[in-house]
$ cat protein.txt   # compact mmCIF, C-alpha atoms
# COMPACT_ATOMS: atom_id res chain seq x y z
CA MET A 1 94.85 93.13 128.57
CA ARG A 2 93.46 93.38 132.10
CA GLY A 3 91.94 90.15 133.40
CA LEU A 4 93.49 88.07 130.66
CA ASP A 5 95.90 86.38 133.07
CA ALA A 6 92.98 84.74 134.85
CA ALA A 7 91.49 83.78 131.48
CA PHE A 8 94.76 82.17 130.37
CA ALA A 9 95.06 80.23 133.60
CA ALA A 10 91.48 79.00 133.25
CA LEU A 11 92.10 77.87 129.67
CA SER A 12 95.32 76.04 130.53
CA ASP A 13 93.41 72.96 131.66
CA PRO A 14 91.98 70.54 129.04
CA THR A 15 88.93 69.60 131.16
CA ARG A 16 88.00 73.25 131.52
CA ARG A 17 88.43 73.78 127.78
CA ARG A 18 86.08 70.85 127.16
CA ALA A 19 83.61 72.30 129.64
CA ILE A 20 83.61 75.63 127.78
CA ARG A 21 83.05 73.84 124.49
CA LEU A 22 80.04 72.00 125.93
CA LEU A 23 78.59 75.14 127.48
CA ILE A 24 78.74 76.96 124.14
CA GLN A 25 75.88 74.70 123.07
CA GLY A 26 73.79 75.86 126.00
CA PRO A 27 73.56 75.91 129.81
CA ARG A 28 73.96 72.61 131.66
CA ARG A 29 73.42 71.24 135.12
CA ALA A 30 76.48 70.30 137.16
CA GLY A 31 75.44 66.64 137.06
CA GLU A 32 75.18 66.68 133.25
CA LEU A 33 78.57 68.33 132.98
CA ALA A 34 80.20 65.79 135.27
CA ALA A 35 78.75 62.96 133.18
CA ASP A 36 79.67 64.52 129.81
CA LEU A 37 83.19 65.35 130.96
CA ASP A 38 83.58 62.05 132.78
CA VAL A 39 84.96 63.61 135.96
CA ARG A 40 84.09 63.21 139.64
CA ALA A 41 81.77 65.73 141.22
CA SER A 42 84.57 67.00 143.46
CA ALA A 43 86.89 67.63 140.50
CA LEU A 44 84.10 69.34 138.61
CA THR A 45 83.39 71.63 141.55
CA ARG A 46 87.02 72.74 141.49
CA HIS A 47 87.01 73.37 137.72
CA LEU A 48 83.74 75.25 137.86
CA ARG A 49 85.12 77.47 140.61
CA VAL A 50 88.10 78.43 138.41
CA LEU A 51 85.80 79.07 135.45
CA ARG A 52 83.50 81.19 137.60
CA GLU A 53 86.33 83.24 139.11
CA SER A 54 87.82 83.94 135.69
CA GLY A 55 84.42 85.05 134.40
CA PHE A 56 83.85 82.25 131.88
CA VAL A 57 80.74 80.79 133.53
CA GLU A 58 77.99 81.92 135.81
CA GLU A 59 75.85 79.87 138.12
CA GLN A 60 72.08 80.08 138.08
CA ARG A 61 69.20 78.40 139.89
CA GLU A 62 66.97 76.47 137.59
CA ASP A 63 63.51 77.91 137.13
CA GLY A 64 61.04 76.27 139.41
CA ASP A 65 63.63 74.37 141.39
CA ALA A 66 65.98 76.40 143.56
CA ARG A 67 68.00 73.31 144.50
CA VAL A 68 69.30 72.67 140.98
CA ARG A 69 72.26 74.72 139.78
CA VAL A 70 72.72 75.44 136.12
CA TYR A 71 75.96 76.69 134.57
CA ARG A 72 75.91 79.15 131.73
CA LEU A 73 78.78 80.39 129.57
CA ARG A 74 79.58 84.09 129.66
CA ARG A 75 80.79 85.45 126.34
CA GLU A 76 82.65 88.46 127.72
CA PRO A 77 86.07 86.84 128.32
CA LEU A 78 85.99 85.16 124.90
CA GLU A 79 84.97 88.37 123.23
CA ALA A 80 87.68 90.29 125.08
CA LEU A 81 90.27 87.93 123.63
CA ARG A 82 88.73 88.19 120.16
CA GLY A 83 88.67 91.99 120.53
CA TRP A 84 92.37 92.00 121.34
CA ILE A 85 93.16 90.17 118.08
CA ASP A 86 91.00 92.59 116.05
CA GLU A 87 92.73 95.59 117.62
CA VAL A 88 96.20 94.22 116.95
CA GLU A 89 95.27 93.42 113.35
CA SER A 90 94.00 96.93 112.73
CA PHE A 91 97.17 98.39 114.28
CA TRP A 92 99.48 96.39 111.98
CA SER A 93 97.34 96.97 108.88
CA ASP A 94 97.83 100.71 109.33
CA GLN A 95 101.52 100.31 110.13
CA LEU A 96 102.33 98.08 107.14
CA ALA A 97 100.38 100.33 104.75
CA SER A 98 102.56 103.18 105.96
CA PHE A 99 105.70 101.04 105.60
CA GLN A 100 104.69 100.17 102.03
CA ARG A 101 104.23 103.87 101.15
CA HIS A 102 107.61 104.65 102.70
CA VAL A 103 109.41 101.99 100.63
CA GLU A 104 107.65 103.14 97.44
CA ARG A 105 108.56 106.81 98.06
CA ARG A 106 112.13 105.75 98.73
CA GLY A 107 112.20 103.79 95.45
CA ALA A 108 110.81 106.76 93.52
CA ARG A 109 113.54 109.01 94.97
CA ALA A 110 116.23 106.50 94.02
CA ASN A 111 114.86 106.25 90.45
CA ARG A 112 114.77 110.06 90.07
CA SER A 113 118.39 110.40 91.15
CA LYS A 114 119.34 107.59 88.76
CA ALA A 115 117.55 109.38 85.90
CA ARG A 116 119.39 112.62 86.62
CA ARG A 117 122.74 110.88 86.35
CA MET B 1 97.35 94.04 101.82
CA THR B 2 95.94 90.86 103.27
CA THR B 3 94.97 89.95 106.78
CA ALA B 4 94.86 86.23 107.41
CA PRO B 5 93.14 84.70 110.38
CA GLY B 6 95.95 82.98 112.26
CA PRO B 7 95.41 79.89 114.32
CA GLY B 8 92.89 81.99 116.18
CA ASP B 9 95.14 83.58 118.73
CA ALA B 10 97.28 85.68 116.41
CA ALA B 11 96.90 88.62 114.08
CA SER B 12 98.67 88.36 110.74
CA VAL B 13 99.07 91.09 108.11
CA THR B 14 101.07 90.96 104.83
CA VAL B 15 102.16 93.63 102.33
CA LEU B 16 104.19 93.53 99.12
CA VAL B 17 107.00 96.06 98.72
CA PRO B 18 108.88 96.59 95.43
CA VAL B 19 112.41 95.99 96.75
CA ASP B 20 114.50 92.92 97.60
CA PRO B 21 114.32 91.35 101.09
CA GLU B 22 117.59 92.94 102.26
CA ALA B 23 116.40 96.44 101.33
CA ALA B 24 112.97 95.77 102.86
CA PHE B 25 114.57 94.59 106.11
CA ASP B 26 116.82 97.63 106.13
CA ALA B 27 113.94 100.05 105.60
CA PHE B 28 111.87 98.27 108.23
CA THR B 29 114.56 98.43 110.91
CA ARG B 30 116.85 101.43 110.24
CA GLU B 31 114.16 103.75 108.91
CA ILE B 32 111.51 102.73 111.40
CA ASP B 33 110.86 106.28 112.60
CA GLN B 34 110.12 107.40 109.04
CA TRP B 35 107.23 105.00 108.53
CA TRP B 36 105.97 104.29 112.06
CA GLY B 37 102.52 105.79 112.54
CA HIS B 38 101.96 109.07 114.36
CA GLY B 39 99.39 109.99 116.97
CA PRO B 40 98.14 108.27 120.13
CA LYS B 41 97.32 104.98 118.42
CA PHE B 42 100.97 104.39 117.58
CA ARG B 43 103.02 106.51 119.96
CA CYS B 44 103.03 107.00 123.73
CA GLY B 45 103.94 110.63 123.20
CA GLY B 46 100.59 111.06 121.45
CA ARG B 47 100.71 114.18 119.33
CA ARG B 48 104.02 115.39 120.77
CA PRO B 49 106.94 114.83 118.41
CA SER B 50 108.81 111.65 119.30
CA ARG B 51 111.36 109.32 117.77
CA ILE B 52 111.09 105.54 117.33
CA THR B 53 114.37 103.60 117.38
CA LEU B 54 115.09 99.92 116.89
CA GLU B 55 118.51 98.96 118.22
CA PRO B 56 119.86 96.39 115.72
CA GLY B 57 120.76 92.90 116.94
CA VAL B 58 119.42 90.37 119.42
CA GLY B 59 118.72 92.03 122.75
CA GLY B 60 118.23 95.42 121.06
CA ARG B 61 115.33 97.54 122.26
CA LEU B 62 112.42 99.08 120.39
CA ILE B 63 112.05 102.44 122.04
CA GLU B 64 110.25 105.73 121.73
CA THR B 65 112.10 108.86 122.78
CA ILE B 66 109.86 111.72 123.81
CA PRO B 67 111.37 115.17 124.37
CA GLY B 68 110.05 117.06 127.39
CA LYS B 69 110.76 120.06 129.59
CA SER B 70 112.99 118.06 131.91
CA GLY B 71 114.92 116.23 129.22
CA GLU B 72 114.07 113.21 127.10
CA LYS B 73 111.88 110.37 128.26
CA THR B 74 112.45 106.89 126.85
CA VAL B 75 109.74 104.24 126.66
CA GLU B 76 110.70 100.67 125.78
CA PHE B 77 107.96 98.61 124.17
CA GLY B 78 109.85 95.79 122.51
CA ARG B 79 113.02 93.73 122.77
CA ILE B 80 114.59 91.86 119.85
CA THR B 81 114.80 88.06 120.14
CA ALA B 82 115.79 87.36 116.50
CA PHE B 83 117.59 89.65 114.05
CA GLU B 84 118.27 87.98 110.70
CA PRO B 85 118.75 90.67 107.99
CA GLY B 86 116.73 89.96 104.85
CA GLU B 87 114.80 87.17 106.53
CA ARG B 88 113.29 87.56 109.94
CA LEU B 89 112.88 89.83 112.90
CA ALA B 90 111.27 88.81 116.19
CA LEU B 91 110.42 90.94 119.20
CA GLU B 92 108.91 90.50 122.60
CA TRP B 93 106.27 93.16 122.65
CA ARG B 94 104.80 94.89 125.63
CA GLY B 95 101.88 97.20 125.08
CA VAL B 96 101.76 100.35 127.18
CA ASN B 97 98.64 99.12 128.95
CA PHE B 98 100.12 95.70 129.77
CA LYS B 99 100.83 94.63 133.33
CA PRO B 100 104.48 93.99 134.23
CA GLY B 101 105.58 90.67 132.79
CA GLU B 102 102.70 90.49 130.33
CA LYS B 103 104.20 90.03 126.89
CA THR B 104 103.22 89.11 123.38
CA LEU B 105 105.39 88.15 120.43
CA VAL B 106 105.82 89.99 117.13
CA GLU B 107 107.45 88.19 114.23
CA VAL B 108 108.25 89.91 110.92
CA LEU B 109 109.04 87.70 107.93
CA PHE B 110 110.62 88.87 104.66
CA ARG B 111 110.04 86.55 101.69
CA ALA B 112 111.27 87.24 98.16
CA SER B 113 108.56 87.26 95.48
CA SER B 114 108.77 87.88 91.70
CA SER B 115 107.88 91.55 92.14
CA GLY B 116 109.64 92.35 95.40
CA THR B 117 109.27 91.20 98.99
CA LEU B 118 106.29 89.98 100.94
CA VAL B 119 106.50 91.37 104.46
CA THR B 120 104.34 89.59 107.03
CA VAL B 121 103.80 90.68 110.60
CA ARG B 122 102.46 88.01 112.91
CA HIS B 123 101.53 89.21 116.38
CA SER B 124 100.74 86.32 118.67
CA GLY B 125 98.93 86.63 121.91
CA TRP B 126 98.79 84.22 124.71
CA SER B 127 100.01 81.13 122.87
CA ALA B 128 103.32 82.98 122.58
CA LEU B 129 103.56 83.46 126.32
CA PRO B 130 106.81 82.41 127.94
CA GLU B 131 107.23 78.96 129.45
CA ASP B 132 106.91 80.19 133.01
CA HIS B 133 103.57 81.94 132.45
CA PRO B 134 100.82 80.51 134.70
CA ALA B 135 98.75 79.72 131.61
CA ARG B 136 101.38 77.21 130.61
CA HIS B 137 101.53 75.10 133.73
CA GLY B 138 101.50 71.45 132.82
CA HIS B 139 102.14 72.08 129.14
CA VAL B 140 105.20 72.51 126.99
CA GLY B 141 106.17 74.83 124.19
CA ALA B 142 105.05 74.51 120.61
CA ASP B 143 102.67 71.60 121.13
CA PHE B 144 100.67 73.59 123.61
CA SER B 145 100.70 76.53 121.26
CA ARG B 146 99.40 74.49 118.32
CA PHE B 147 96.84 72.72 120.43
CA ILE B 148 95.48 75.88 121.97
CA GLY B 149 95.48 77.59 118.56
CA ALA B 150 93.33 74.89 116.98
CA TRP B 151 91.03 74.78 119.96
CA TRP B 152 90.64 78.52 119.93
CA ALA B 153 89.84 78.72 116.20
CA GLU B 154 87.20 76.04 116.58
CA LEU B 155 85.74 77.75 119.61
CA MET B 156 85.48 81.07 117.80
CA THR B 157 83.68 79.40 114.90
CA SER B 158 81.15 77.71 117.12
CA LEU B 159 80.70 80.88 119.15
CA ARG B 160 79.76 82.76 115.98
CA LEU B 161 77.37 79.99 114.91
CA HIS B 162 75.62 80.01 118.27
CA ALA B 163 75.54 83.78 118.49
CA GLY B 164 73.59 83.76 115.24
CA GLN B 165 70.99 81.47 116.78
CA ALA B 166 70.70 83.21 120.13

$ encode --input "protein.txt" --output "structure tokens"
Amino acid sequence: MRGLDAAFAALSDPTRRRAIRLLIQGPRRAGELAADLDVRASALTRHLRVLRESGFVEEQREDGDARVRVYRLRREPLEALRGWIDEVESFWSDQLASFQRHVERRGARANRSKARR
Amino acid sequence: MTTAPGPGDAASVTVLVPVDPEAAFDAFTREIDQWWGHGPKFRCGGRRPSRITLEPGVGGRLIETIPGKSGEKTVEFGRITAFEPGERLALEWRGVNFKPGEKTLVEVLFRASSSGTLVTVRHSGWSALPEDHPARHGHVGADFSRFIGAWWAELMTSLRLHAGQA
């Protein structure tokens, strides 16, 4: 679960969660994000820094205009979290199948000893 | 066996066993070493022979004992937070690759059904993190958990939709 602490911290803020949801639809300029999220530019700068440091977004220069910054969502942290859930599910599927076999074997033994009596 | 998508941040798996909930709970806890998987996916000791023990009662540890040249080595990977025979077992779970303090929560539910007992394991990730975890600052308990869960599920759905278009 390396790196997940930073991801959790980034996701703990509702404005940042809304920003991620918007960026899923496609990259946006900082100005568009500030307007859509209804936050001041200074607050947005802070949120975007946290999202960048935790790997959720990356900053790019817009084609043809180096002055305009565009923010794009990175899927890796989201997929890492999704991957964790898949791994855990596969682990417990195997474990519970084995538990089920154990209980069934145990039942069969108990029935055999009952039949012998 | 069924796997149900949880609120998006949890894995959930259910099986049906042909005994009553008390017997199922007993087999799950006392006989844990007899059914716990072998090999590196399930045991720290890998292919070396080891023993899994669950100490009954709240505060009890889930441990693996691995024999070695210089005596036995004990690895703790869970601690019981609820022990209700025939009903429910809950553990704080720490994977071997977790950082110190990084925990998840495992809850095992035993529900009577007409043909035996439905045993469900729910392993929650970060929404089960303790109150003092940095991810929780400014939020409280179950509400946060529910909120984040719903948000996460929705996010995963839209991520899949957009991935299809990309």

$ interface_residues --input "protein.txt" --of "chain A" --to "chain B" --cutoff "9 Å" --atoms "all atoms listed in the file" --output "VMD selection string"
chain A and resid 1 to 2 4 to 13 17 20 to 21 24 to 26 75 78 81 to 82 84 to 104 107

$ atom_distance --input "protein.txt" --atom1 "atom CA of B:Glu76" --atom2 "atom CA of A:Gly83"
24.3 Å

$ residues_near_point --input "protein.txt" --point "(108.3, 86.9, 117.3)" --cutoff "9 Å" --atoms "only C-alpha atoms" --output "list of chain:residue names"
B:Ile80, B:Thr81, B:Ala82, B:Arg88, B:Leu89, B:Ala90, B:Leu91, B:Glu92, B:Trp93, B:Thr104, B:Leu105, B:Val106, B:Glu107, B:Val108, B:Val121, B:Arg122, B:His123, B:Ser124, B:Ala128

$ write_last_selection --input "protein.txt" --atoms "C-alpha atoms" --output "compact mmCIF listing (two decimals), in the frame of the given file"
# COMPACT_ATOMS: atom_id res chain seq x y z
CA ILE B 80 114.59 91.86 119.85
CA THR B 81 114.80 88.06 120.14
CA ALA B 82 115.79 87.36 116.50
CA ARG B 88 113.29 87.56 109.94
CA LEU B 89 112.88 89.83 112.90
CA ALA B 90 111.27 88.81 116.19
CA LEU B 91 110.42 90.94 119.20
CA GLU B 92 108.91 90.50 122.60
CA TRP B 93 106.27 93.16 122.65
CA THR B 104 103.22 89.11 123.38
CA LEU B 105 105.39 88.15 120.43
CA VAL B 106 105.82 89.99 117.13
CA GLU B 107 107.45 88.19 114.23
CA VAL B 108 108.25 89.91 110.92
CA VAL B 121 103.80 90.68 110.60
CA ARG B 122 102.46 88.01 112.91
CA HIS B 123 101.53 89.21 116.38
CA SER B 124 100.74 86.32 118.67
CA ALA B 128 103.32 82.98 122.58

$ atom_distance --input "protein.txt" --atom1 "atom CA of A:Asp65" --atom2 "atom CA of A:Leu22"
22.7 Å

$ atom_distance --input "protein.txt" --atom1 "atom CA of B:Ser114" --atom2 "atom CA of A:Ser113"
24.5 Å

$ residues_near_point --input "protein.txt" --point "(120.6, 90.8, 104.0)" --cutoff "8 Å" --atoms "all atoms listed in the file" --output "short mmCIF file (atom, residue, chain, number, x, y, z; two decimals) with C-alpha atoms, in the frame of the given file"
data_model
loop_
_atom_site.label_atom_id
_atom_site.label_comp_id
_atom_site.auth_asym_id
_atom_site.auth_seq_id
_atom_site.Cartn_x
_atom_site.Cartn_y
_atom_site.Cartn_z
CA PRO B 21 114.32 91.35 101.09
CA GLU B 22 117.59 92.94 102.26
CA ALA B 23 116.40 96.44 101.33
CA PHE B 25 114.57 94.59 106.11
CA GLU B 84 118.27 87.98 110.70
CA PRO B 85 118.75 90.67 107.99
CA GLY B 86 116.73 89.96 104.85
CA GLU B 87 114.80 87.17 106.53
#

$ axis_aligned_box --input "protein.txt" --around "stretch 32-48 of chain B" --padding-each-side "8 Å" --output "AutoDock Vina command-line options"
--center_x 104.4 --center_y 109.1 --center_z 116.1 --size_x 30.2 --size_y 28.7 --size_z 31.2

$ closest_residue --input "protein.txt" --among "B:Leu62, B:Pro67, B:Arg94, B:Val75" --to "B:Ser50" --atoms "only C-alpha atoms"
B:Pro67

$ residues_around --input "protein.txt" --residues "A:Arg52" --least-positions-apart "6" --cutoff "10 Å" --atoms "only C-alpha atoms" --output "list in words"
Ala10, Arg46, Glu58, Glu59, Tyr71, Arg72, Leu73 and Arg74 of chain A

$ residues_around --input "protein.txt" --residues "B:Arg30" --least-positions-apart "6" --cutoff "9 Å" --atoms "all atoms listed in the file" --output "list in words"
Thr53, Leu54, Glu55 and Pro56 of chain B

$ write_last_selection --input "protein.txt" --atoms "C-alpha atoms" --output "PDB file, in the frame of the given file"
ATOM      1  CA  THR B  53     114.370 103.600 117.380  1.00  0.00           C
ATOM      2  CA  LEU B  54     115.090  99.920 116.890  1.00  0.00           C
ATOM      3  CA  GLU B  55     118.510  98.960 118.220  1.00  0.00           C
ATOM      4  CA  PRO B  56     119.860  96.390 115.720  1.00  0.00           C
TER       5      PRO B  56
END
